[in-house]
$ cat start-v5.json   # JSON, C-alpha atoms
[["chain", "number", "residue", "atom", "x", "y", "z"],
["K", 176, "MET", "CA", 3.55, 98.72, -32.60],
["K", 177, "THR", "CA", 1.67, 98.45, -35.91],
["K", 178, "ASP", "CA", -1.45, 100.00, -34.34],
["K", 179, "GLN", "CA", 0.60, 102.92, -33.03],
["K", 180, "LEU", "CA", 2.11, 103.53, -36.49],
["K", 181, "THR", "CA", -1.20, 103.32, -38.39],
["K", 182, "ARG", "CA", -3.39, 105.13, -35.87],
["K", 183, "PRO", "CA", -3.82, 108.78, -36.94],
["K", 184, "ASP", "CA", -2.65, 111.47, -34.57],
["K", 185, "ARG", "CA", -5.83, 113.41, -33.85],
["K", 186, "ARG", "CA", -4.45, 115.62, -31.09],
["K", 187, "ASP", "CA", -4.39, 118.80, -33.16],
["K", 188, "ALA", "CA", -7.97, 118.27, -34.35],
["K", 189, "ILE", "CA", -9.23, 117.51, -30.86],
["K", 190, "VAL", "CA", -7.51, 120.48, -29.25],
["K", 191, "ALA", "CA", -8.75, 122.73, -32.03],
["K", 192, "ALA", "CA", -12.29, 121.46, -31.52],
["K", 193, "MET", "CA", -12.08, 122.32, -27.84],
["K", 194, "SER", "CA", -11.39, 125.94, -28.75],
["K", 195, "ARG", "CA", -13.76, 126.40, -31.66],
["K", 196, "PRO", "CA", -16.69, 128.20, -29.94],
["K", 197, "PRO", "CA", -16.12, 131.96, -29.81],
["K", 198, "ALA", "CA", -15.56, 133.44, -26.38],
["K", 199, "THR", "CA", -18.46, 135.44, -24.99],
["K", 200, "GLU", "CA", -17.84, 138.95, -23.70],
["K", 201, "PRO", "CA", -18.14, 137.95, -20.00],
["K", 202, "ASN", "CA", -15.59, 135.16, -20.56],
["K", 203, "ARG", "CA", -13.18, 137.57, -22.22],
["K", 204, "TYR", "CA", -13.48, 139.96, -19.31],
["K", 205, "ARG", "CA", -12.83, 137.17, -16.81],
["K", 206, "VAL", "CA", -9.66, 136.15, -18.60],
["K", 207, "VAL", "CA", -8.50, 139.77, -18.77],
["K", 208, "VAL", "CA", -9.11, 140.30, -15.05],
["K", 209, "VAL", "CA", -7.35, 137.05, -14.12],
["K", 210, "ALA", "CA", -4.40, 137.93, -16.37],
["K", 211, "PHE", "CA", -4.19, 141.47, -14.97],
["K", 212, "LEU", "CA", -4.16, 140.27, -11.35],
["K", 213, "SER", "CA", -1.70, 137.49, -12.11],
["K", 214, "LEU", "CA", 0.73, 139.78, -13.90],
["K", 215, "GLY", "CA", 0.39, 142.29, -11.08],
["K", 216, "VAL", "CA", 1.68, 139.71, -8.60],
["K", 217, "VAL", "CA", 4.44, 138.69, -11.04],
["K", 218, "ALA", "CA", 5.53, 142.34, -11.31],
["K", 219, "TYR", "CA", 5.48, 142.69, -7.52],
["K", 220, "ALA", "CA", 7.64, 139.57, -7.15],
["K", 221, "ALA", "CA", 10.07, 140.89, -9.78],
["K", 222, "VAL", "CA", 10.48, 144.16, -7.89],
["K", 223, "VAL", "CA", 10.92, 142.57, -4.47],
["K", 224, "TYR", "CA", 12.94, 139.48, -5.39],
["K", 225, "GLY", "CA", 14.49, 140.42, -8.74],
["K", 226, "GLY", "CA", 17.70, 141.63, -7.14],
["K", 227, "PHE", "CA", 18.23, 138.46, -5.08],
["K", 228, "ASP", "CA", 18.48, 140.63, -1.98],
["K", 229, "VAL", "CA", 17.61, 138.67, 1.15],
["K", 230, "SER", "CA", 17.09, 141.89, 3.11],
["K", 231, "ALA", "CA", 14.21, 142.79, 0.79],
["K", 232, "SER", "CA", 12.41, 139.48, 1.33],
["K", 233, "MET", "CA", 8.86, 139.75, 2.63],
["K", 234, "VAL", "CA", 9.20, 136.20, 4.02],
["K", 235, "ASP", "CA", 11.33, 135.57, 7.08],
["K", 236, "VAL", "CA", 14.39, 133.46, 6.32],
["K", 237, "ARG", "CA", 15.95, 131.19, 8.92],
["K", 238, "GLU", "CA", 19.30, 132.40, 10.17],
["K", 239, "GLY", "CA", 22.16, 129.98, 9.73],
["K", 240, "LEU", "CA", 20.60, 128.31, 6.66],
["K", 241, "ALA", "CA", 22.38, 129.88, 3.70],
["K", 242, "TRP", "CA", 20.32, 127.84, 1.21],
["K", 243, "HIS", "CA", 16.91, 128.88, 2.60],
["K", 244, "TYR", "CA", 16.72, 132.10, 0.59],
["K", 245, "PRO", "CA", 17.91, 130.49, -2.70],
["K", 246, "LEU", "CA", 15.15, 127.90, -2.26],
["K", 247, "LEU", "CA", 12.59, 130.63, -1.57],
["K", 248, "TRP", "CA", 13.83, 132.63, -4.57],
["K", 249, "THR", "CA", 13.62, 129.58, -6.84],
["K", 250, "HIS", "CA", 10.07, 128.86, -5.63],
["K", 251, "ILE", "CA", 9.03, 132.45, -6.34],
["K", 252, "LEU", "CA", 10.76, 132.61, -9.75],
["K", 253, "THR", "CA", 9.22, 129.38, -11.04],
["K", 254, "GLY", "CA", 5.88, 130.28, -9.46],
["K", 255, "ALA", "CA", 5.98, 133.60, -11.33],
["K", 256, "ILE", "CA", 6.50, 131.68, -14.59],
["K", 257, "ALA", "CA", 3.41, 129.59, -13.85],
["K", 258, "LEU", "CA", 1.38, 132.63, -12.85],
["K", 259, "GLY", "CA", 2.45, 134.54, -15.96],
["K", 260, "LEU", "CA", 1.80, 131.72, -18.44],
["K", 261, "GLY", "CA", -1.31, 130.26, -16.81],
["K", 262, "PRO", "CA", -3.85, 132.83, -18.04],
["K", 263, "LEU", "CA", -2.65, 132.33, -21.64],
["K", 264, "GLN", "CA", -3.99, 128.77, -21.52],
["K", 265, "PHE", "CA", -7.52, 130.21, -21.27],
["K", 266, "VAL", "CA", -7.18, 132.51, -24.30],
["K", 267, "ARG", "CA", -9.15, 130.77, -27.02],
["K", 268, "ARG", "CA", -7.23, 132.44, -29.85],
["K", 269, "ILE", "CA", -4.12, 130.71, -28.50],
["K", 270, "ARG", "CA", -5.90, 127.40, -27.92],
["K", 271, "ARG", "CA", -6.94, 127.41, -31.58],
["K", 272, "VAL", "CA", -3.24, 126.95, -32.44],
["K", 273, "PRO", "CA", -2.61, 123.50, -30.92],
["K", 274, "ARG", "CA", 1.18, 123.58, -31.21],
["K", 275, "VAL", "CA", 1.44, 126.91, -29.39],
["K", 276, "HIS", "CA", -1.06, 125.72, -26.79],
["K", 277, "ARG", "CA", 1.00, 122.59, -26.12],
["K", 278, "TYR", "CA", 4.33, 124.42, -25.89],
["K", 279, "LEU", "CA", 2.91, 127.01, -23.52],
["K", 280, "GLY", "CA", 1.31, 124.25, -21.47],
["K", 281, "ARG", "CA", 4.59, 122.38, -21.16],
["K", 282, "ALA", "CA", 6.41, 125.54, -20.14],
["K", 283, "TYR", "CA", 3.67, 126.30, -17.61],
["K", 284, "LEU", "CA", 3.97, 122.82, -16.08],
["K", 285, "PHE", "CA", 7.65, 121.96, -16.35],
["K", 286, "ALA", "CA", 9.24, 125.40, -15.92],
["K", 287, "GLY", "CA", 6.61, 126.66, -13.51],
["K", 288, "VAL", "CA", 4.26, 124.41, -11.56],
["K", 289, "VAL", "CA", 6.37, 121.29, -11.10],
["K", 290, "PRO", "CA", 9.64, 122.88, -9.88],
["K", 291, "SER", "CA", 7.82, 125.55, -7.88],
["K", 292, "SER", "CA", 5.63, 123.05, -6.05],
["K", 293, "ILE", "CA", 8.52, 120.69, -5.27],
["K", 294, "VAL", "CA", 10.76, 123.48, -3.99],
["K", 295, "GLY", "CA", 7.73, 125.02, -2.28],
["K", 296, "ILE", "CA", 7.32, 121.97, -0.06],
["K", 297, "ALA", "CA", 10.86, 122.43, 1.23],
["K", 298, "VAL", "CA", 10.27, 126.15, 1.72],
["K", 299, "ALA", "CA", 7.02, 125.42, 3.58],
["K", 300, "LEU", "CA", 8.75, 123.05, 5.97],
["K", 301, "LEU", "CA", 11.30, 125.78, 6.74],
["K", 302, "THR", "CA", 8.72, 128.49, 7.42],
["K", 303, "THR", "CA", 9.06, 130.45, 10.63],
["K", 304, "SER", "CA", 5.29, 130.98, 10.84],
["K", 305, "GLY", "CA", 4.42, 127.83, 12.78],
["K", 306, "PRO", "CA", 2.98, 124.37, 12.07],
["K", 307, "VAL", "CA", -0.50, 125.50, 10.97],
["K", 308, "ALA", "CA", 0.95, 127.76, 8.28],
["K", 309, "ALA", "CA", 3.48, 125.10, 7.28],
["K", 310, "ALA", "CA", 0.75, 122.47, 6.93],
["K", 311, "GLY", "CA", -1.38, 124.76, 4.77],
["K", 312, "LEU", "CA", 1.56, 125.57, 2.49],
["K", 313, "VAL", "CA", 2.54, 121.91, 2.14],
["K", 314, "VAL", "CA", -1.02, 120.81, 1.36],
["K", 315, "GLY", "CA", -1.32, 123.58, -1.21],
["K", 316, "ASP", "CA", 1.90, 122.54, -2.93],
["K", 317, "LEU", "CA", 0.87, 118.87, -2.91],
["K", 318, "LEU", "CA", -2.47, 119.73, -4.51],
["K", 319, "TRP", "CA", -0.66, 121.93, -7.01],
["K", 320, "ILE", "CA", 1.63, 119.19, -8.29],
["K", 321, "THR", "CA", -1.05, 116.47, -8.01],
["K", 322, "THR", "CA", -3.52, 118.35, -10.20],
["K", 323, "ALA", "CA", -0.68, 119.03, -12.67],
["K", 324, "VAL", "CA", 0.23, 115.34, -12.92],
["K", 325, "ILE", "CA", -3.41, 114.30, -13.38],
["K", 326, "ALA", "CA", -3.96, 116.96, -16.05],
["K", 327, "TYR", "CA", -0.81, 115.93, -17.90],
["K", 328, "ARG", "CA", -1.71, 112.24, -17.83],
["K", 329, "HIS", "CA", -5.16, 113.01, -19.26],
["K", 330, "ALA", "CA", -3.53, 115.00, -22.08],
["K", 331, "ARG", "CA", -1.11, 112.17, -22.87],
["K", 332, "ALA", "CA", -4.05, 109.75, -23.01],
["K", 333, "ALA", "CA", -5.97, 112.11, -25.36],
["K", 334, "ARG", "CA", -8.69, 112.68, -22.76],
["K", 335, "TYR", "CA", -8.83, 116.38, -23.55],
["K", 336, "ARG", "CA", -12.04, 117.28, -21.76],
["K", 337, "GLN", "CA", -10.73, 115.83, -18.51],
["K", 338, "HIS", "CA", -7.36, 117.46, -19.19],
["K", 339, "GLY", "CA", -9.02, 120.85, -19.49],
["K", 340, "GLU", "CA", -10.98, 120.41, -16.29],
["K", 341, "TRP", "CA", -7.91, 119.39, -14.29],
["K", 342, "MET", "CA", -5.93, 122.29, -15.71],
["K", 343, "ILE", "CA", -8.64, 124.62, -14.45],
["K", 344, "ARG", "CA", -8.28, 123.05, -11.01],
["K", 345, "ASN", "CA", -4.51, 123.36, -11.25],
["K", 346, "PHE", "CA", -4.65, 127.05, -12.14],
["K", 347, "ALA", "CA", -7.03, 127.58, -9.23],
["K", 348, "VAL", "CA", -4.13, 126.57, -7.00],
["K", 349, "THR", "CA", -1.68, 128.67, -9.03],
["K", 350, "PHE", "CA", -4.00, 131.66, -8.54],
["K", 351, "ALA", "CA", -3.57, 131.23, -4.79],
["K", 352, "ALA", "CA", -0.61, 133.58, -5.19],
["K", 353, "VAL", "CA", -3.18, 136.28, -5.94],
["K", 354, "THR", "CA", -5.92, 135.29, -3.52],
["K", 355, "PHE", "CA", -3.36, 134.90, -0.73],
["K", 356, "ARG", "CA", -2.84, 138.64, -0.69],
["K", 357, "ALA", "CA", -6.56, 139.37, -0.71],
["K", 358, "TRP", "CA", -7.30, 136.95, 2.12],
["K", 359, "LEU", "CA", -4.39, 138.20, 4.20],
["K", 360, "GLY", "CA", -5.73, 141.74, 4.05],
["K", 361, "LEU", "CA", -9.25, 140.56, 4.89],
["K", 362, "THR", "CA", -8.18, 138.39, 7.82],
["K", 363, "ILE", "CA", -6.11, 141.21, 9.26],
["K", 364, "ALA", "CA", -8.91, 143.76, 8.82],
["K", 365, "GLY", "CA", -11.48, 141.36, 10.29],
["K", 366, "GLN", "CA", -9.42, 140.97, 13.46],
["K", 367, "VAL", "CA", -8.73, 144.64, 14.08],
["K", 368, "PRO", "CA", -11.60, 144.91, 16.61],
["K", 369, "LEU", "CA", -9.94, 142.05, 18.51],
["K", 370, "LEU", "CA", -6.52, 143.68, 18.68],
["K", 371, "GLU", "CA", -6.92, 145.03, 22.20],
["K", 372, "PRO", "CA", -9.41, 142.61, 23.87],
["K", 373, "VAL", "CA", -7.89, 139.39, 22.47],
["K", 374, "TYR", "CA", -4.31, 140.17, 21.47],
["K", 375, "GLY", "CA", -3.56, 142.79, 24.12],
["K", 376, "GLY", "CA", -2.45, 145.25, 21.47],
["K", 377, "ASP", "CA", 0.11, 142.81, 20.01],
["K", 378, "PHE", "CA", -0.24, 143.25, 16.25],
["K", 379, "ASP", "CA", 2.41, 140.61, 15.54],
["K", 380, "ALA", "CA", 0.24, 138.00, 17.28],
["K", 381, "LEU", "CA", -2.78, 139.11, 15.24],
["K", 382, "PHE", "CA", -0.75, 138.95, 12.05],
["K", 383, "ALA", "CA", 0.52, 135.45, 12.86],
["K", 384, "VAL", "CA", -3.05, 134.16, 13.17],
["K", 385, "ALA", "CA", -4.09, 135.94, 9.96],
["K", 386, "TYR", "CA", -1.09, 134.53, 8.08],
["K", 387, "ALA", "CA", -1.67, 130.95, 9.27],
["K", 388, "ALA", "CA", -5.36, 131.12, 8.27],
["K", 389, "THR", "CA", -4.47, 132.62, 4.89],
["K", 390, "CYS", "CA", -2.14, 129.73, 4.09],
["K", 391, "TRP", "CA", -5.31, 127.61, 3.89],
["K", 392, "LEU", "CA", -7.77, 130.22, 2.60],
["K", 393, "ALA", "CA", -5.53, 131.05, -0.36],
["K", 394, "PHE", "CA", -6.38, 127.83, -2.21],
["K", 395, "ILE", "CA", -9.39, 126.09, -0.59],
["K", 396, "PRO", "CA", -12.09, 128.59, -1.73],
["K", 397, "ASN", "CA", -10.49, 128.65, -5.20],
["K", 398, "LEU", "CA", -10.84, 124.88, -5.54],
["K", 399, "VAL", "CA", -14.37, 124.88, -4.14],
["K", 400, "PHE", "CA", -15.38, 127.59, -6.62],
["K", 401, "VAL", "CA", -13.92, 125.89, -9.71],
["K", 402, "ASN", "CA", -15.38, 122.52, -8.76],
["K", 403, "LEU", "CA", -18.83, 124.08, -8.41],
["K", 404, "TYR", "CA", -18.28, 125.82, -11.76],
["K", 405, "LEU", "CA", -17.24, 122.58, -13.46],
["K", 406, "ARG", "CA", -20.21, 120.74, -11.97],
["K", 407, "HIS", "CA", -22.57, 123.46, -13.22],
["K", 408, "ARG", "CA", -20.97, 123.40, -16.67],
["K", 409, "HIS", "CA", -21.29, 119.65, -16.89],
["K", 410, "ALA", "CA", -24.93, 119.75, -15.74],
["K", 411, "THR", "CA", -25.69, 122.44, -18.34],
["K", 412, "ALA", "CA", -24.03, 120.45, -21.11],
["K", 413, "HIS", "CA", -25.74, 117.20, -20.09],
["K", 414, "PRO", "CA", -29.13, 118.10, -18.60],
["K", 415, "ARG", "CA", -31.16, 115.35, -17.01],
["K", 416, "ARG", "CA", -34.31, 114.31, -18.83]]
$ encode --input "start-v5.json" --output "structure tokens"
Amino acid sequence: MTDQLTRPDRRDAIVAAMSRPPATEPNRYRVVVVAFLSLGVVAYAAVVYGGFDVSASMVDVREGLAWHYPLLWTHILTGAIALGLGPLQFVRRIRRVPRVHRYLGRAYLFAGVVPSSIVGIAVALLTTSGPVAAAGLVVGDLLWITTAVIAYRHARAARYRQHGEWMIRNFAVTFAAVTFRAWLGLTIAGQVPLLEPVYGGDFDALFAVAYAATCWLAFIPNLVFVNLYLRHRHATAHPRR
């Protein structure tokens, strides 16, 4: 207890040190693009689901389960909070103010990622899109909350470099809400030549395959990309002699 009382709290200094280097122009542009795409999806979700109208839902809801749509709506609302706040964590002007950075981070995790991922698992298990899609959605939600817990534990232990890296991984899964839409369009377009010879003109069957594949593609390439980026950044910072 005595050590805890006498040990100085260096969190503000450490977090400030993490954000001291000025952002380069390419980095600023990346953050702007990520924020623009994220807020675009948030705005889309607000238009479609803001009125709590089940008939406007773009996701099929199981008949006879009155609580399915409230669960879906809760998942989307909390996911929108995470998607809206996430890009702010990469703005270095904000990270230079440790208290603001911490409050935004807590809101991102505890009002966004954690409830959205937990509810998302239930929503995934209720999907009408089949077991492949359900498995992809469940795995994505599990990775989402797991990376959040690891990042939070690193922050609590004052391991701020590791915390930052795991938050990047976590936001890669959050950003799946954006990449999902891109991959769905690509997987549909890529199968158009197969519509007649493979699907017999049944677009619904083509869409079902595209949707199931997208449930995995939405987050796997994101995680692969950020892990390669983090490995490159670490190798650049600590070159072998």
$ atom_distance --input "start-v5.json" --atom1 "CA of Trp248 (chain K)" --atom2 "CA of Tyr283 (chain K)"
17.7 Å
$ residues_near_point --input "start-v5.json" --point "(19.0, 130.9, -3.1)" --cutoff "12 Å" --atoms "all atoms listed in the file" --output "PyMOL selection string"
chain K and resi 224-229+232+236+240-252+294+298
$ atom_distance --input "start-v5.json" --atom1 "CA of Val384 (chain K)" --atom2 "CA of Val289 (chain K)"
29.0 Å
$ closest_residue --input "start-v5.json" --among "K:Gly305, K:Pro273, K:Gly254, K:Pro262" --to "Gly287 (chain K)" --atoms "only C-alpha atoms"
K:Gly254
$ atom_distance --input "start-v5.json" --atom1 "CA of Ile256 (chain K)" --atom2 "CA of Asp316 (chain K)"
15.5 Å
$ residues_around --input "start-v5.json" --residues "Leu260 (chain K)" --least-positions-apart "2" --cutoff "12 Å" --atoms "all atoms listed in the file" --output "ChimeraX atom specification"
/K:209-211,213-214,217,253-258,262-266,269,275-288,346,349-350
$ closest_atom_pairs --input "start-v5.json" --of "region 278-327 of chain K" --to "region 388-393 of chain K" --cutoff "10 Å" --atoms "only C-alpha atoms" --output "CSV"
residue,atom,partner,partner_atom,distance
K:Val307,CA,K:Ala388,CA,7.9
K:Ala308,CA,K:Cys390,CA,5.6
K:Ala309,CA,K:Cys390,CA,7.9
K:Ala310,CA,K:Cys390,CA,8.3
K:Gly311,CA,K:Trp391,CA,4.9
K:Leu312,CA,K:Cys390,CA,5.8
K:Val313,CA,K:Cys390,CA,9.3
K:Val314,CA,K:Trp391,CA,8.4
K:Gly315,CA,K:Trp391,CA,7.6
$ residues_around --input "start-v5.json" --residues "Trp319 (chain K)" --least-positions-apart "3" --cutoff "7 Å" --atoms "only C-alpha atoms" --output "VMD selection string"
chain K and resid 292 315 to 316 322 to 323 345 348
$ closest_residue --input "start-v5.json" --among "K:Ala383, K:Ile293, K:Val206, K:Ala347" --to "Ile363 (chain K)" --atoms "all atoms listed in the file"
K:Ala383
$ closest_residue --input "start-v5.json" --among "K:Arg267, K:Arg331, K:Arg408, K:Arg356" --to "Phe394 (chain K)" --atoms "all atoms listed in the file"
K:Arg356
$ closest_residue --input "start-v5.json" --among "K:Ser304, K:Pro396, K:Tyr219, K:Gln337" --to "Asp379 (chain K)" --atoms "only C-alpha atoms"
K:Ser304
$ decode --input "start-v5.json" --residues "region 342-353 of chain K" --atoms "all heavy atoms" --output "short mmCIF file (atom, residue, chain, number, x, y, z; two decimals), in the first residue's frame"
data_model
loop_
_atom_site.label_atom_id
_atom_site.label_comp_id
_atom_site.auth_asym_id
_atom_site.auth_seq_id
_atom_site.Cartn_x
_atom_site.Cartn_y
_atom_site.Cartn_z
N MET K 342 -5.10 -1.38 -29.47
CA MET K 342 -6.21 -0.52 -29.86
C MET K 342 -6.28 -0.38 -31.37
O MET K 342 -7.38 -0.27 -31.94
CB MET K 342 -6.08 0.86 -29.20
CG MET K 342 -6.42 0.86 -27.73
SD MET K 342 -8.12 0.29 -27.38
CE MET K 342 -9.08 1.60 -28.13
N ILE K 343 -5.14 -0.39 -32.03
CA ILE K 343 -5.14 -0.37 -33.50
C ILE K 343 -5.80 -1.65 -34.02
O ILE K 343 -6.62 -1.62 -34.94
CB ILE K 343 -3.71 -0.22 -34.05
CG1 ILE K 343 -3.19 1.18 -33.75
CG2 ILE K 343 -3.67 -0.49 -35.55
CD1 ILE K 343 -1.73 1.39 -34.11
N ARG K 344 -5.43 -2.78 -33.43
CA ARG K 344 -6.06 -4.04 -33.83
C ARG K 344 -7.56 -4.01 -33.56
O ARG K 344 -8.37 -4.48 -34.38
CB ARG K 344 -5.41 -5.21 -33.09
CG ARG K 344 -3.96 -5.47 -33.46
CD ARG K 344 -3.43 -6.70 -32.75
NE ARG K 344 -2.04 -6.97 -33.12
CZ ARG K 344 -0.98 -6.66 -32.38
NH1 ARG K 344 -1.16 -6.06 -31.20
NH2 ARG K 344 0.24 -6.93 -32.78
N ASN K 345 -7.93 -3.45 -32.41
CA ASN K 345 -9.35 -3.39 -32.08
C ASN K 345 -10.12 -2.54 -33.08
O ASN K 345 -11.21 -2.92 -33.52
CB ASN K 345 -9.52 -2.83 -30.66
CG ASN K 345 -10.98 -2.73 -30.27
OD1 ASN K 345 -11.59 -1.67 -30.38
ND2 ASN K 345 -11.56 -3.84 -29.82
N PHE K 346 -9.55 -1.38 -33.43
CA PHE K 346 -10.27 -0.53 -34.38
C PHE K 346 -10.31 -1.16 -35.76
O PHE K 346 -11.24 -0.89 -36.54
CB PHE K 346 -9.66 0.86 -34.47
CG PHE K 346 -10.48 1.79 -35.32
CD1 PHE K 346 -11.67 2.29 -34.85
CD2 PHE K 346 -10.07 2.12 -36.60
CE1 PHE K 346 -12.47 3.11 -35.64
CE2 PHE K 346 -10.84 2.95 -37.40
CZ PHE K 346 -12.05 3.45 -36.92
N ALA K 347 -9.34 -2.01 -36.08
CA ALA K 347 -9.41 -2.74 -37.35
C ALA K 347 -10.67 -3.58 -37.42
O ALA K 347 -11.28 -3.72 -38.49
CB ALA K 347 -8.17 -3.62 -37.52
N VAL K 348 -11.06 -4.16 -36.28
CA VAL K 348 -12.31 -4.93 -36.25
C VAL K 348 -13.51 -3.99 -36.26
O VAL K 348 -14.52 -4.27 -36.92
CB VAL K 348 -12.35 -5.86 -35.02
CG1 VAL K 348 -13.59 -6.74 -35.06
CG2 VAL K 348 -11.10 -6.74 -34.96
N THR K 349 -13.43 -2.88 -35.54
CA THR K 349 -14.50 -1.89 -35.58
C THR K 349 -14.75 -1.42 -37.01
O THR K 349 -15.90 -1.29 -37.45
CB THR K 349 -14.14 -0.67 -34.71
OG1 THR K 349 -13.88 -1.10 -33.37
CG2 THR K 349 -15.27 0.35 -34.68
N PHE K 350 -13.66 -1.20 -37.75
CA PHE K 350 -13.76 -0.69 -39.12
C PHE K 350 -14.36 -1.72 -40.07
O PHE K 350 -14.64 -1.40 -41.23
CB PHE K 350 -12.37 -0.26 -39.59
CG PHE K 350 -12.38 0.69 -40.75
CD1 PHE K 350 -12.87 1.97 -40.61
CD2 PHE K 350 -11.88 0.31 -41.99
CE1 PHE K 350 -12.88 2.87 -41.67
CE2 PHE K 350 -11.88 1.19 -43.06
CZ PHE K 350 -12.39 2.48 -42.90
N ALA K 351 -14.57 -2.94 -39.58
CA ALA K 351 -15.25 -3.95 -40.40
C ALA K 351 -16.64 -3.48 -40.83
O ALA K 351 -17.16 -3.93 -41.85
CB ALA K 351 -15.36 -5.27 -39.64
N ALA K 352 -17.24 -2.58 -40.06
CA ALA K 352 -18.55 -2.03 -40.44
C ALA K 352 -18.46 -1.28 -41.77
O ALA K 352 -19.44 -1.22 -42.53
CB ALA K 352 -19.07 -1.10 -39.36
N VAL K 353 -17.28 -0.72 -42.04
CA VAL K 353 -17.06 -0.03 -43.31
C VAL K 353 -16.65 -1.02 -44.40
O VAL K 353 -17.23 -1.04 -45.50
CB VAL K 353 -15.97 1.06 -43.15
CG1 VAL K 353 -15.65 1.70 -44.50
CG2 VAL K 353 -16.43 2.11 -42.14
#
